[in-house]
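One file, run_32.cif, is given below (mmCIF, C-alpha atoms).
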data_protein
#
loop_
_atom_site.label_atom_id
_atom_site.label_comp_id
_atom_site.auth_asym_id
_atom_site.auth_seq_id
_atom_site.Cartn_x
_atom_site.Cartn_y
_atom_site.Cartn_z
CA MET A 6 139.31 -199.79 -68.81
CA SER A 7 140.86 -198.04 -65.88
CA GLY A 8 144.47 -198.02 -64.82
CA PRO A 9 145.68 -198.03 -61.22
CA SER A 10 143.61 -195.71 -59.03
CA HIS A 11 144.95 -192.57 -57.40
CA VAL A 12 143.22 -193.18 -54.07
CA LYS A 13 145.40 -192.72 -51.00
CA GLU A 14 147.06 -195.80 -49.54
CA VAL A 15 144.86 -196.02 -46.45
CA ALA A 16 144.33 -199.34 -44.69
CA ILE A 17 140.79 -200.75 -44.74
CA GLU A 18 139.55 -201.36 -41.20
CA GLY A 19 136.32 -203.09 -42.16
CA ARG A 20 133.28 -203.28 -44.40
CA ALA A 21 132.08 -199.85 -43.24
CA ASP A 22 135.11 -198.28 -44.93
CA LEU A 23 134.04 -199.79 -48.23
CA VAL A 24 130.54 -198.37 -47.89
CA GLU A 25 131.89 -194.97 -46.86
CA PHE A 26 134.19 -194.90 -49.89
CA LEU A 27 131.26 -195.24 -52.28
CA SER A 28 128.94 -192.91 -50.37
CA SER A 29 131.60 -190.18 -50.10
CA GLY A 30 130.98 -189.36 -53.76
CA ALA A 31 127.60 -187.77 -53.03
CA ARG A 32 127.68 -184.01 -53.48
CA PRO A 33 125.28 -181.04 -53.64
CA ARG A 34 123.57 -180.36 -56.97
CA GLU A 35 125.62 -177.24 -57.65
CA ASP A 36 128.75 -179.42 -57.68
CA TRP A 37 127.45 -182.07 -60.09
CA LYS A 38 129.77 -182.53 -63.04
CA ILE A 39 129.89 -184.39 -66.35
CA GLY A 40 132.71 -186.80 -67.19
CA THR A 41 132.64 -188.22 -70.72
CA GLU A 42 134.78 -191.09 -71.98
CA HIS A 43 135.09 -192.35 -75.52
CA GLU A 44 137.15 -195.00 -77.25
CA LYS A 45 138.14 -195.26 -80.91
CA PHE A 46 139.92 -197.67 -83.22
CA GLY A 47 143.20 -196.64 -84.78
CA PHE A 48 144.07 -197.80 -88.28
CA ARG A 49 146.91 -197.38 -90.76
CA ASN A 50 145.70 -195.46 -93.79
CA ASP A 51 147.59 -197.63 -96.28
CA ASP A 52 146.34 -201.07 -95.24
CA LEU A 53 143.64 -200.30 -92.61
CA ARG A 54 145.35 -202.53 -90.06
CA PRO A 55 145.40 -201.48 -86.40
CA PRO A 56 148.71 -199.96 -85.33
CA THR A 57 150.94 -201.96 -83.01
CA PHE A 58 152.30 -200.49 -79.80
CA ASP A 59 155.90 -200.32 -81.03
CA GLY A 60 157.47 -198.64 -84.03
CA ASP A 61 157.49 -195.27 -85.76
CA ARG A 62 153.77 -195.64 -86.54
CA GLY A 63 152.89 -197.29 -83.26
CA ILE A 64 150.58 -196.24 -80.45
CA GLU A 65 153.44 -195.35 -78.10
CA ALA A 66 154.85 -192.98 -80.72
CA LEU A 67 151.41 -191.39 -81.01
CA LEU A 68 151.20 -190.91 -77.24
CA LYS A 69 154.66 -189.37 -77.17
CA GLY A 70 153.63 -187.06 -80.00
CA LEU A 71 150.64 -185.83 -78.02
CA THR A 72 152.91 -184.59 -75.23
CA ARG A 73 153.57 -181.48 -77.30
CA PHE A 74 150.08 -180.37 -76.32
CA GLY A 75 150.92 -180.42 -72.63
CA TRP A 76 149.99 -184.02 -71.85
CA GLN A 77 152.18 -185.69 -69.22
CA PRO A 78 153.30 -189.26 -69.91
CA VAL A 79 152.42 -192.17 -67.62
CA GLU A 80 154.86 -195.07 -67.83
CA GLU A 81 154.78 -198.76 -67.00
CA HIS A 82 158.16 -200.49 -67.08
CA GLY A 83 159.60 -197.55 -69.00
CA ARG A 84 156.94 -197.57 -71.71
CA VAL A 85 154.43 -194.74 -72.19
CA ILE A 86 151.00 -196.30 -71.73
CA ALA A 87 148.86 -193.24 -70.88
CA LEU A 88 148.80 -189.43 -70.62
CA THR A 89 147.34 -186.99 -68.11
CA ARG A 90 146.41 -183.30 -68.26
CA ASP A 91 144.08 -181.11 -66.20
CA GLN A 92 142.08 -183.98 -64.62
CA ALA A 93 141.73 -185.72 -67.99
CA SER A 94 143.61 -188.71 -69.32
CA VAL A 95 144.35 -190.49 -72.57
CA SER A 96 144.73 -194.23 -72.13
CA LEU A 97 144.83 -197.47 -74.08
CA GLU A 98 142.37 -200.32 -74.28
CA PRO A 99 143.89 -203.79 -74.71
CA ALA A 100 144.31 -203.68 -78.52
CA GLY A 101 145.31 -200.03 -78.63
CA GLN A 102 141.88 -198.45 -78.80
CA LEU A 103 142.58 -194.87 -77.79
CA GLU A 104 140.43 -193.55 -74.96
CA LEU A 105 139.87 -190.01 -73.76
CA SER A 106 138.64 -189.89 -70.17
CA GLY A 107 137.48 -186.32 -69.97
CA ALA A 108 137.81 -183.94 -67.04
CA PRO A 109 134.80 -183.31 -64.75
CA LEU A 110 133.03 -180.44 -66.53
CA GLU A 111 130.04 -178.24 -65.73
CA ASN A 112 128.07 -178.41 -68.97
CA LEU A 113 127.82 -180.17 -72.31
CA HIS A 114 129.18 -177.22 -74.26
CA GLN A 115 132.45 -177.74 -72.40
CA THR A 116 132.24 -181.48 -73.04
CA CYS A 117 131.96 -180.97 -76.79
CA SER A 118 134.76 -178.43 -76.79
CA GLU A 119 136.97 -180.88 -74.91
CA THR A 120 136.15 -183.69 -77.34
CA SER A 121 136.76 -181.49 -80.37
CA SER A 122 140.12 -180.31 -79.03
CA HIS A 123 141.19 -183.87 -78.29
CA LEU A 124 140.32 -185.11 -81.77
CA LYS A 125 142.16 -182.19 -83.37
CA GLU A 126 145.25 -182.97 -81.31
CA VAL A 127 145.08 -186.65 -82.20
CA ARG A 128 144.64 -185.84 -85.87
CA ALA A 129 147.59 -183.41 -85.82
CA VAL A 130 149.87 -186.18 -84.56
CA ALA A 131 148.29 -189.13 -86.39
CA GLU A 132 148.09 -187.73 -89.94
CA PRO A 133 151.87 -187.38 -90.46
CA MET A 134 152.18 -190.95 -89.15
CA GLY A 135 149.68 -192.20 -91.72
CA LEU A 136 147.15 -193.12 -89.05
CA GLY A 137 143.42 -192.51 -88.78
CA PHE A 138 140.76 -193.14 -86.12
CA LEU A 139 137.26 -194.54 -86.34
CA GLY A 140 134.38 -194.50 -83.88
CA MET A 141 132.24 -197.66 -83.99
CA GLY A 142 131.15 -200.23 -81.44
CA PHE A 143 133.04 -203.17 -82.94
CA GLN A 144 136.11 -203.53 -85.15
CA PRO A 145 134.47 -204.02 -88.59
CA LYS A 146 137.29 -205.74 -90.48
CA TRP A 147 139.99 -207.58 -88.56
CA ARG A 148 139.95 -210.93 -86.76
CA ARG A 149 140.72 -211.23 -83.08
CA ASP A 150 144.10 -212.84 -83.81
CA GLU A 151 144.99 -209.90 -86.06
CA MET A 152 144.57 -207.37 -83.25
CA PRO A 153 147.67 -206.21 -81.35
CA TRP A 154 148.04 -206.34 -77.57
CA MET A 155 149.25 -203.45 -75.48
CA PRO A 156 152.02 -204.14 -72.91
CA LYS A 157 150.01 -203.48 -69.75
CA GLY A 158 150.21 -205.84 -66.80
CA ARG A 159 146.49 -205.57 -66.08
CA TYR A 160 145.63 -206.75 -69.59
CA LYS A 161 147.97 -209.74 -69.45
CA ILE A 162 146.11 -211.05 -66.40
CA MET A 163 142.71 -210.42 -68.00
CA ARG A 164 143.80 -212.00 -71.29
CA GLU A 165 144.68 -215.25 -69.54
CA TYR A 166 141.57 -215.25 -67.32
CA MET A 167 138.84 -214.29 -69.81
CA PRO A 168 138.66 -217.62 -71.71
CA LYS A 169 137.97 -219.38 -68.38
CA VAL A 170 134.70 -217.50 -67.79
CA GLY A 171 133.24 -216.76 -71.25
CA SER A 172 133.76 -217.18 -74.96
CA LEU A 173 133.71 -213.52 -76.02
CA GLY A 174 135.80 -211.78 -73.36
CA LEU A 175 138.84 -211.44 -75.60
CA ASP A 176 136.64 -209.88 -78.27
CA MET A 177 135.39 -207.42 -75.67
CA MET A 178 138.97 -206.50 -74.86
CA THR A 179 140.38 -206.23 -78.36
CA ARG A 180 137.54 -205.41 -80.73
CA THR A 181 135.02 -203.16 -78.95
CA SER A 182 134.80 -199.43 -78.37
CA THR A 183 132.27 -197.45 -76.35
CA VAL A 184 131.26 -193.97 -75.30
CA GLN A 185 130.07 -193.47 -71.75
CA VAL A 186 129.30 -190.71 -69.27
CA ASN A 187 130.00 -190.49 -65.54
CA LEU A 188 127.37 -188.67 -63.47
CA ASP A 189 127.18 -187.46 -59.89
CA VAL A 190 124.59 -188.22 -57.23
CA GLY A 191 123.32 -186.04 -54.42
CA SER A 192 122.51 -188.66 -51.78
CA GLU A 193 121.92 -192.36 -51.35
CA ALA A 194 118.25 -191.96 -52.29
CA ASP A 195 119.22 -189.96 -55.38
CA MET A 196 121.75 -192.62 -56.32
CA VAL A 197 119.15 -195.38 -56.02
CA LYS A 198 116.60 -193.57 -58.19
CA LYS A 199 119.17 -192.69 -60.87
CA PHE A 200 120.60 -196.20 -60.80
CA ARG A 201 117.18 -197.77 -61.35
CA VAL A 202 116.17 -195.38 -64.13
CA SER A 203 119.47 -195.71 -65.96
CA LEU A 204 119.54 -199.52 -65.73
CA ALA A 205 115.98 -199.78 -67.05
CA LEU A 206 116.69 -197.36 -69.90
CA GLN A 207 120.19 -198.59 -70.74
CA PRO A 208 118.82 -200.88 -73.52
CA ILE A 209 117.20 -197.79 -75.05
CA ALA A 210 120.59 -196.08 -75.22
CA THR A 211 122.07 -199.28 -76.67
CA ALA A 212 119.39 -199.28 -79.38
CA LEU A 213 119.71 -195.58 -80.23
CA PHE A 214 123.50 -195.74 -80.46
CA ALA A 215 123.72 -199.19 -82.11
CA ASP A 216 126.69 -199.08 -84.48
CA SER A 217 128.44 -202.44 -84.69
CA PRO A 218 126.87 -204.48 -87.51
CA PHE A 219 130.06 -205.94 -89.06
CA THR A 220 132.46 -208.69 -88.06
CA GLU A 221 135.51 -209.52 -90.17
CA GLY A 222 134.16 -207.60 -93.13
CA LYS A 223 130.63 -209.05 -93.21
CA PRO A 224 127.28 -208.30 -91.56
CA ASN A 225 127.10 -210.21 -88.27
CA GLY A 226 123.33 -210.30 -87.79
CA TYR A 227 123.42 -207.72 -84.99
CA LEU A 228 123.01 -203.98 -84.87
CA SER A 229 125.00 -203.69 -81.64
CA TYR A 230 127.33 -206.65 -81.66
CA ARG A 231 129.35 -204.89 -78.96
CA SER A 232 126.35 -205.15 -76.65
CA HIS A 233 125.89 -208.84 -77.46
CA ILE A 234 129.52 -209.55 -76.60
CA TRP A 235 128.92 -208.54 -72.99
CA THR A 236 126.37 -211.37 -72.64
CA ASP A 237 129.15 -213.97 -72.89
CA THR A 238 132.14 -212.22 -71.34
CA ASP A 239 131.99 -213.01 -67.63
CA ALA A 240 128.65 -213.51 -65.89
CA GLY A 241 130.25 -212.83 -62.51
CA ARG A 242 130.86 -209.17 -63.31
CA THR A 243 128.37 -208.14 -66.01
CA GLY A 244 124.63 -207.73 -66.50
CA LEU A 245 121.59 -205.76 -65.36
CA LEU A 246 122.01 -206.12 -61.56
CA ASP A 247 118.45 -207.14 -60.69
CA PHE A 248 119.11 -206.48 -57.00
CA VAL A 249 119.20 -202.72 -57.69
CA PHE A 250 115.40 -202.84 -58.02
CA GLU A 251 114.87 -204.70 -54.75
CA ASP A 252 113.57 -202.99 -51.63
CA GLY A 253 116.34 -201.75 -49.38
CA PHE A 254 118.94 -201.34 -52.13
CA GLY A 255 121.67 -198.84 -51.30
CA TYR A 256 125.42 -198.48 -50.95
CA GLU A 257 125.71 -201.46 -48.60
CA ARG A 258 124.05 -203.82 -51.03
CA TYR A 259 126.33 -202.68 -53.84
CA VAL A 260 129.36 -203.27 -51.63
CA ASP A 261 128.16 -206.84 -51.08
CA TYR A 262 127.88 -207.26 -54.85
CA LEU A 263 131.42 -205.97 -55.39
CA LEU A 264 132.75 -208.26 -52.69
CA ASP A 265 131.32 -211.18 -54.67
CA VAL A 266 132.90 -210.06 -57.96
CA PRO A 267 136.03 -212.19 -58.50
CA MET A 268 139.28 -210.27 -58.35
CA TYR A 269 141.75 -209.73 -61.17
CA PHE A 270 144.85 -208.39 -59.45
CA VAL A 271 146.60 -206.53 -56.66
CA TYR A 272 148.75 -203.59 -57.77
CA ARG A 273 151.90 -203.08 -55.68
CA ASP A 274 155.13 -201.19 -56.35
CA GLY A 275 154.39 -200.82 -60.04
CA GLU A 276 153.60 -204.50 -60.52
CA TYR A 277 150.36 -206.42 -61.03
CA ILE A 278 150.01 -209.51 -58.85
CA ASP A 279 147.70 -212.06 -60.49
CA ALA A 280 144.75 -212.73 -58.17
CA SER A 281 142.32 -213.67 -60.92
CA GLY A 282 139.26 -215.51 -59.67
CA GLN A 283 140.12 -214.97 -56.02
CA SER A 284 137.92 -213.32 -53.38
CA PHE A 285 138.17 -209.80 -52.03
CA ARG A 286 136.50 -211.14 -48.88
CA ASP A 287 139.55 -213.34 -48.35
CA TYR A 288 141.75 -210.32 -48.97
CA LEU A 289 139.91 -208.45 -46.19
CA ASP A 290 140.78 -211.33 -43.87
CA GLY A 291 144.44 -211.36 -44.91
CA LYS A 292 143.97 -214.72 -46.62
CA LEU A 293 144.31 -213.87 -50.31
CA PRO A 294 146.25 -216.78 -51.88
CA ALA A 295 148.03 -214.47 -54.32
CA TYR A 296 149.16 -212.09 -51.57
CA PRO A 297 149.03 -214.01 -48.26
CA GLY A 298 149.33 -212.20 -44.97
CA HIS A 299 148.42 -208.82 -46.46
CA ARG A 300 145.24 -206.82 -46.06
CA PRO A 301 143.87 -204.41 -48.69
CA LEU A 302 144.31 -200.68 -48.90
CA LEU A 303 141.50 -198.38 -49.93
CA ARG A 304 143.29 -198.05 -53.26
CA ASP A 305 142.83 -201.81 -53.80
CA TRP A 306 139.08 -201.38 -53.28
CA ALA A 307 138.99 -198.53 -55.80
CA ASP A 308 140.88 -200.71 -58.28
CA HIS A 309 138.57 -203.64 -57.65
CA SER A 310 135.47 -201.50 -58.25
CA THR A 311 136.72 -200.90 -61.81
CA THR A 312 136.76 -204.62 -62.57
CA ALA A 313 132.97 -205.00 -62.45
CA PHE A 314 131.36 -204.38 -65.83
CA PRO A 315 127.57 -204.12 -65.39
CA GLU A 316 125.41 -202.04 -67.73
CA VAL A 317 125.57 -199.23 -65.17
CA ARG A 318 128.48 -199.13 -62.73
CA LEU A 319 128.67 -197.42 -59.37
CA LYS A 320 131.95 -196.01 -58.13
CA LYS A 321 131.78 -192.65 -56.39
CA TYR A 322 129.46 -191.76 -59.27
CA LEU A 323 127.35 -193.63 -61.80
CA GLU A 324 128.74 -194.73 -65.17
CA MET A 325 126.46 -195.26 -68.16
CA ARG A 326 128.03 -198.13 -70.11
CA GLY A 327 125.51 -199.27 -72.74
CA ALA A 328 126.40 -197.35 -75.92
CA ASP A 329 128.52 -198.13 -78.96
CA SER A 330 131.18 -195.60 -79.86
CA GLY A 331 130.51 -193.32 -82.80
CA PRO A 332 131.46 -190.08 -84.56
CA TRP A 333 132.02 -186.72 -82.86
CA ASN A 334 128.40 -185.62 -82.65
CA ARG A 335 127.32 -188.88 -80.99
CA ILE A 336 130.08 -188.55 -78.41
CA CYS A 337 128.31 -185.36 -77.35
CA ALA A 338 124.83 -186.89 -77.73
CA LEU A 339 125.38 -189.72 -75.24
CA PRO A 340 126.07 -187.48 -72.21
CA ALA A 341 123.30 -185.15 -73.39
CA PHE A 342 120.79 -188.01 -73.34
CA TRP A 343 121.65 -189.00 -69.77
CA ILE A 344 122.17 -185.50 -68.36
CA GLY A 345 118.73 -184.51 -69.62
CA LEU A 346 117.16 -187.54 -67.94
CA LEU A 347 119.04 -187.58 -64.65
CA TYR A 348 120.16 -184.05 -63.73
CA ASP A 349 116.70 -182.43 -63.79
CA ASP A 350 114.19 -183.46 -61.11
CA ALA A 351 111.11 -183.26 -63.33
CA ALA A 352 112.83 -185.27 -66.04
CA LEU A 353 114.02 -187.88 -63.54
CA ASP A 354 110.49 -188.23 -62.22
CA ALA A 355 109.12 -188.59 -65.76
CA ALA A 356 111.79 -191.14 -66.65
CA TRP A 357 110.96 -193.15 -63.52
CA ASP A 358 107.27 -193.04 -64.44
CA LEU A 359 108.23 -194.45 -67.83
CA VAL A 360 110.06 -197.48 -66.41
CA LYS A 361 108.85 -198.07 -62.84
CA ASP A 362 106.39 -200.82 -63.78
CA PHE A 363 108.81 -202.73 -66.02
CA THR A 364 108.97 -206.29 -64.77
CA LEU A 365 112.24 -208.14 -64.32
CA GLU A 366 111.33 -210.25 -67.35
CA GLU A 367 110.68 -207.15 -69.45
CA ARG A 368 113.97 -205.54 -68.45
CA HIS A 369 115.81 -208.68 -69.49
CA ALA A 370 113.84 -209.00 -72.71
CA LEU A 371 114.91 -205.47 -73.62
CA ARG A 372 118.55 -206.16 -72.75
CA ASP A 373 118.61 -209.44 -74.65
CA GLY A 374 116.70 -208.20 -77.69
CA VAL A 375 118.18 -204.83 -78.58
CA PRO A 376 121.59 -206.10 -79.75
CA ARG A 377 119.85 -207.72 -82.73
CA GLN A 378 116.75 -205.63 -83.28
CA ALA A 379 117.53 -202.30 -81.63
CA LEU A 380 114.70 -199.81 -82.18
CA LYS A 381 112.49 -202.41 -83.92
CA LEU A 382 112.34 -204.74 -80.92
CA PRO A 383 108.66 -205.29 -79.96
CA PHE A 384 107.65 -204.03 -76.52
CA ARG A 385 104.18 -203.81 -74.96
CA GLY A 386 102.22 -203.53 -78.18
CA GLY A 387 104.73 -201.13 -79.71
CA THR A 388 108.49 -201.11 -80.17
CA VAL A 389 111.63 -199.86 -78.49
CA LEU A 390 111.43 -196.94 -80.90
CA ASP A 391 108.34 -195.73 -79.03
CA LEU A 392 110.27 -195.85 -75.76
CA ALA A 393 113.26 -194.12 -77.34
CA ARG A 394 111.14 -191.25 -78.62
CA LYS A 395 109.58 -190.76 -75.18
CA ALA A 396 112.97 -190.88 -73.47
CA LEU A 397 114.46 -188.40 -75.92
CA GLU A 398 111.53 -186.03 -75.37
CA ILE A 399 111.97 -186.21 -71.60
CA SER A 400 115.71 -185.64 -71.96
CA ALA A 401 115.27 -182.65 -74.27
CA HIS A 402 112.90 -180.98 -71.81
CA GLY A 403 115.33 -181.69 -68.97
CA LEU A 404 118.20 -180.10 -70.87
CA ALA A 405 116.08 -177.08 -71.76
CA ARG A 406 115.17 -176.58 -68.10
CA ARG A 407 118.85 -176.76 -67.13
CA ALA A 408 119.24 -173.69 -69.37
CA ARG A 409 123.00 -173.97 -69.79
CA LEU A 410 123.51 -171.76 -72.82
CA ASN A 411 126.40 -171.48 -75.23
CA ARG A 412 127.61 -168.16 -76.58
CA ASN A 413 124.96 -168.31 -79.30
CA GLY A 414 122.19 -168.68 -76.73
CA ALA A 415 121.46 -172.36 -77.45
CA ASP A 416 120.86 -174.79 -74.59
CA GLU A 417 122.34 -178.27 -74.30
CA SER A 418 119.42 -179.97 -76.07
CA ILE A 419 121.13 -179.17 -79.39
CA TYR A 420 123.41 -182.13 -78.78
CA LEU A 421 120.46 -184.53 -78.98
CA ASP A 422 119.82 -183.58 -82.62
CA PRO A 423 121.65 -186.57 -84.16
CA MET A 424 119.65 -189.01 -82.04
CA MET A 425 116.42 -187.14 -82.69
CA GLU A 426 117.06 -187.63 -86.41
CA PHE A 427 117.65 -191.38 -85.99
CA ALA A 428 114.51 -191.67 -83.85
CA GLU A 429 112.44 -189.69 -86.34
CA ALA A 430 113.58 -191.96 -89.16
CA GLY A 431 113.23 -195.08 -87.01
CA ILE A 432 116.67 -196.29 -88.04
CA THR A 433 119.96 -196.83 -86.24
CA PRO A 434 123.50 -195.85 -87.28
CA ALA A 435 124.17 -199.56 -87.85
CA GLU A 436 121.29 -199.87 -90.32
CA ARG A 437 122.54 -196.88 -92.29
CA LYS A 438 125.94 -198.52 -92.61
CA LEU A 439 124.31 -201.77 -93.69
CA GLU A 440 122.45 -199.88 -96.43
CA LEU A 441 125.77 -198.49 -97.66
CA PHE A 442 127.41 -201.92 -97.46
CA HIS A 443 124.72 -203.50 -99.62
CA GLY A 444 124.60 -200.48 -101.92
CA ALA A 445 127.28 -197.88 -102.61
CA TRP A 446 130.07 -199.81 -100.87
CA GLY A 447 129.55 -202.89 -103.03
CA GLY A 448 129.78 -205.40 -100.19
CA SER A 449 132.97 -204.00 -98.66
CA VAL A 450 133.50 -202.48 -95.21
CA ASP A 451 136.69 -200.71 -96.26
CA PRO A 452 134.92 -197.41 -97.10
CA VAL A 453 133.87 -197.06 -93.45
CA PHE A 454 137.48 -196.20 -92.60
CA THR A 455 137.41 -193.15 -94.84
CA GLU A 456 133.79 -192.05 -94.82
CA PHE A 457 133.36 -192.29 -91.03
CA ALA A 458 136.86 -191.53 -89.75
CA TYR A 459 137.31 -188.63 -87.38
#
Go ahead and render the structure in this file as structure tokens.
Amino acid sequence: MSGPSHVKEVAIEGRADLVEFLSSGARPREDWKIGTEHEKFGFRNDDLRPPTFDGDRGIEALLKGLTRFGWQPVEEHGRVIALTRDQASVSLEPAGQLELSGAPLENLHQTCSETSSHLKEVRAVAEPMGLGFLGMGFQPKWRRDEMPWMPKGRYKIMREYMPKVGSLGLDMMTRTSTVQVNLDVGSEADMVKKFRVSLALQPIATALFADSPFTEGKPNGYLSYRSHIWTDTDAGRTGLLDFVFEDGFGYERYVDYLLDVPMYFVYRDGEYIDASGQSFRDYLDGKLPAYPGHRPLLRDWADHSTTAFPEVRLKKYLEMRGADSGPWNRICALPAFWIGLLYDDAALDAAWDLVKDFTLEERHALRDGVPRQALKLPFRGGTVLDLARKALEISAHGLARRARLNRNGADESIYLDPMMEFAEAGITPAERKLELFHGAWGGSVDPVFTEFAY
């Protein structure tokens, strides 16, 4: 989840400013970048419990330790709650899940190098502290009430509001981790096409990357429980956004959607003002109950845009949000999958041909079914696995045509290899862990913390 935005404090004159803010992200193809984010669970090696914020083995101590690698601390009320360096940041999810928000990079080779460097730095600081990190979609062992809370004002407001609008919002905050990629658009028409393709195919990514089959030490009946959690978090800010597929969709329609998303807060002078459940439309009119007589700044709009959580999110770029977190090679595979589909014109056309006749009911059936069945979910006389194989093939060809080579002469399609292997076998990461749980692990999830740690 984002922290306060760094947008200039410019007054909003009207709705047109909101539309212009979103549309200003469009850029020529040669300037398209890749921004990868991934979250991971920390754990103490001796008892596998998540580290608290405070203490010699706490998350703040870890953040302070990372400053020796040139990261600059970001403080809230005198506590270090994030780090920044070279357009990248390290931040905290509500229960201390550590997130790298990568810098905007030109190719996937750079993305993987960035991820590898980050994990090495984290390991160098964490190992002497007796800490490890795990990439999965859902915390496999600990109950919600056993998870710590980070001292961030934004999370306090969300923690109090979530139970009012859904039963699983606090689980989303404390016990989930994801990997996602942020991608550029070239124009409004390009944005619309990419948005539609990525929304329709987001369940395919969820299925391929499904890796959250355990809750509190036992199988939970899902392959991506993280994905299921979003179905009962807050209907006012989640979902598939059916209106994206309607005629006339563009930046203006998305602005209207965001204006209808209930607010969480206003951030002023280092403090979060609780505006949970209130309307940004009222804020535009100077009638926000939590902050009466004030009108929003453009920074407030940027902040508000981060409080919508659909499967694909539009800011000044598109965010792919459907995948469970995983090990290092799947952190690289997720952006590879989407770059191959969306950054090559022929691949984008082929991907649109794959999904353009999906009905609204079929899109929802995919979204609702993959958390439990993933690749085995029936679809049009076949299964999601058939769709996944086609999408991976399109992506691989798109990456090959991009022809961004590493020093060994390999193009970016090499990063799809882990997902190609899962698709070839017709099995998800979650199912492999379930096999181990029922076999070599003897009914315990504890080995996941050693065998799959970074």
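Restricting the calculation to only C-alpha atoms, the smallest distance between Ala328 of chain A and any of A:Glu151, A:Glu257, A:Glu80, A:Glu42 is found for A:Glu42.
In terms of minimum interatomic distance to Leu346 of chain A, A:Gly403 ranks closest within A:Gly282, A:Gly403, A:Gly47, A:Pro33, counting all atoms listed in the file.
Between atom CA of Tyr277 of chain A and atom CA of Leu97 of chain A the separation is 16.8 Å.
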Could you list, as a ChimeraX atom specification, every residue matched by the PyMOL selection byres ((chain A and resi 300) around 9) in this structure?
/A:16-17,287-293,296-299,301-302
Of A:Arg258, A:Gly142, A:Asp59, A:Leu382, the one sitting nearest Trp154 of chain A when using all atoms listed in the file is A:Asp59
Please write the residues picked by the PyMOL selection byres ((chain A and resi 320) around 9) on this file as a tab-separated table (two decimals) with C-alpha atoms, in the coordinates of the input.
chain	number	residue	atom	x	y	z
A	26	PHE	CA	134.19	-194.90	-49.89
A	27	LEU	CA	131.26	-195.24	-52.28
A	28	SER	CA	128.94	-192.91	-50.37
A	30	GLY	CA	130.98	-189.36	-53.76
A	307	ALA	CA	138.99	-198.53	-55.80
A	310	SER	CA	135.47	-201.50	-58.25
A	311	THR	CA	136.72	-200.90	-61.81
A	318	ARG	CA	128.48	-199.13	-62.73
A	319	LEU	CA	128.67	-197.42	-59.37
A	321	LYS	CA	131.78	-192.65	-56.39
A	322	TYR	CA	129.46	-191.76	-59.27
A	323	LEU	CA	127.35	-193.63	-61.80
A	324	GLU	CA	128.74	-194.73	-65.17
When the PyMOL selection byres ((chain A and resi 116) around 12) is applied to the file above, which residues end up in the set, as a VMD selection string?
chain A and resid 38 to 43 93 105 to 115 117 to 123 186 to 187 333 to 341 344 411 417 420
Point-to-point distance in Å for atom CA of Asp391 of chain A and atom CA of Asn225 of chain A:
25.4 Å
Choose the residue, out of A:Arg90, A:His82, A:Lys199, A:Lys45, that has the smallest atom-to-atom separation from Leu139 of chain A; count only C-alpha atoms.
A:Lys45
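If you measure from each of A:Phe342, A:Phe219, A:Phe454, A:Tyr227 to Gly374 of chain A using all atoms listed in the file, the closest one turns out to be A:Tyr227.
Taking all atoms listed in the file into account, Asp354 of chain A lies nearest to A:Arg201 out of the set A:Gly70, A:Phe46, A:Gln77, A:Arg201.
As for atom CA of Trp343 of chain A and atom CA of Gly331 of chain A, they are spaced 16.3 Å apart.
Those residues positioned at most 12 Å from (149.4, -210.5, -71.5) are Pro99, Ala100, Pro153, Trp154, Met155, Pro156, Lys157, Gly158, Arg159, Tyr160, Lys161, Ile162, Met163, Arg164, Glu165, Tyr166, Met167, Leu175, Met178, Tyr277 and Asp279 of chain A, judged using only C-alpha atoms.
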How about saving the chosen residues, C-alpha atoms kept, as a JSON list (two decimals), in the coordinates of the input?
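Output saved as out_12.json:
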[["chain", "number", "residue", "atom", "x", "y", "z"],
["A", 99, "PRO", "CA", 143.89, -203.79, -74.71],
["A", 100, "ALA", "CA", 144.31, -203.68, -78.52],
["A", 153, "PRO", "CA", 147.67, -206.21, -81.35],
["A", 154, "TRP", "CA", 148.04, -206.34, -77.57],
["A", 155, "MET", "CA", 149.25, -203.45, -75.48],
["A", 156, "PRO", "CA", 152.02, -204.14, -72.91],
["A", 157, "LYS", "CA", 150.01, -203.48, -69.75],
["A", 158, "GLY", "CA", 150.21, -205.84, -66.80],
["A", 159, "ARG", "CA", 146.49, -205.57, -66.08],
["A", 160, "TYR", "CA", 145.63, -206.75, -69.59],
["A", 161, "LYS", "CA", 147.97, -209.74, -69.45],
["A", 162, "ILE", "CA", 146.11, -211.05, -66.40],
["A", 163, "MET", "CA", 142.71, -210.42, -68.00],
["A", 164, "ARG", "CA", 143.80, -212.00, -71.29],
["A", 165, "GLU", "CA", 144.68, -215.25, -69.54],
["A", 166, "TYR", "CA", 141.57, -215.25, -67.32],
["A", 167, "MET", "CA", 138.84, -214.29, -69.81],
["A", 175, "LEU", "CA", 138.84, -211.44, -75.60],
["A", 178, "MET", "CA", 138.97, -206.50, -74.86],
["A", 277, "TYR", "CA", 150.36, -206.42, -61.03],
["A", 279, "ASP", "CA", 147.70, -212.06, -60.49]]
Residue neighbourhood Gln378 of chain A, 12 Å, all atoms listed in the file, exclusion window fewer than 5 positions, as a count of residues only:
29
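Taking only C-alpha atoms into account, those protein, DNA and RNA residues with any atom at most 10 Å away from (140.0, -219.0, -80.5) amount to Arg149, Asp150, Pro168, Ser172, Leu173, Leu175 and Asp176 of chain A.
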Write out as a ChimeraX atom specification the residues lying within 12 Å of Glu440 of chain A, counting all atoms listed in the file and excluding same-chain residues fewer than 6 positions away.
/A:218,224,432-434,446-450
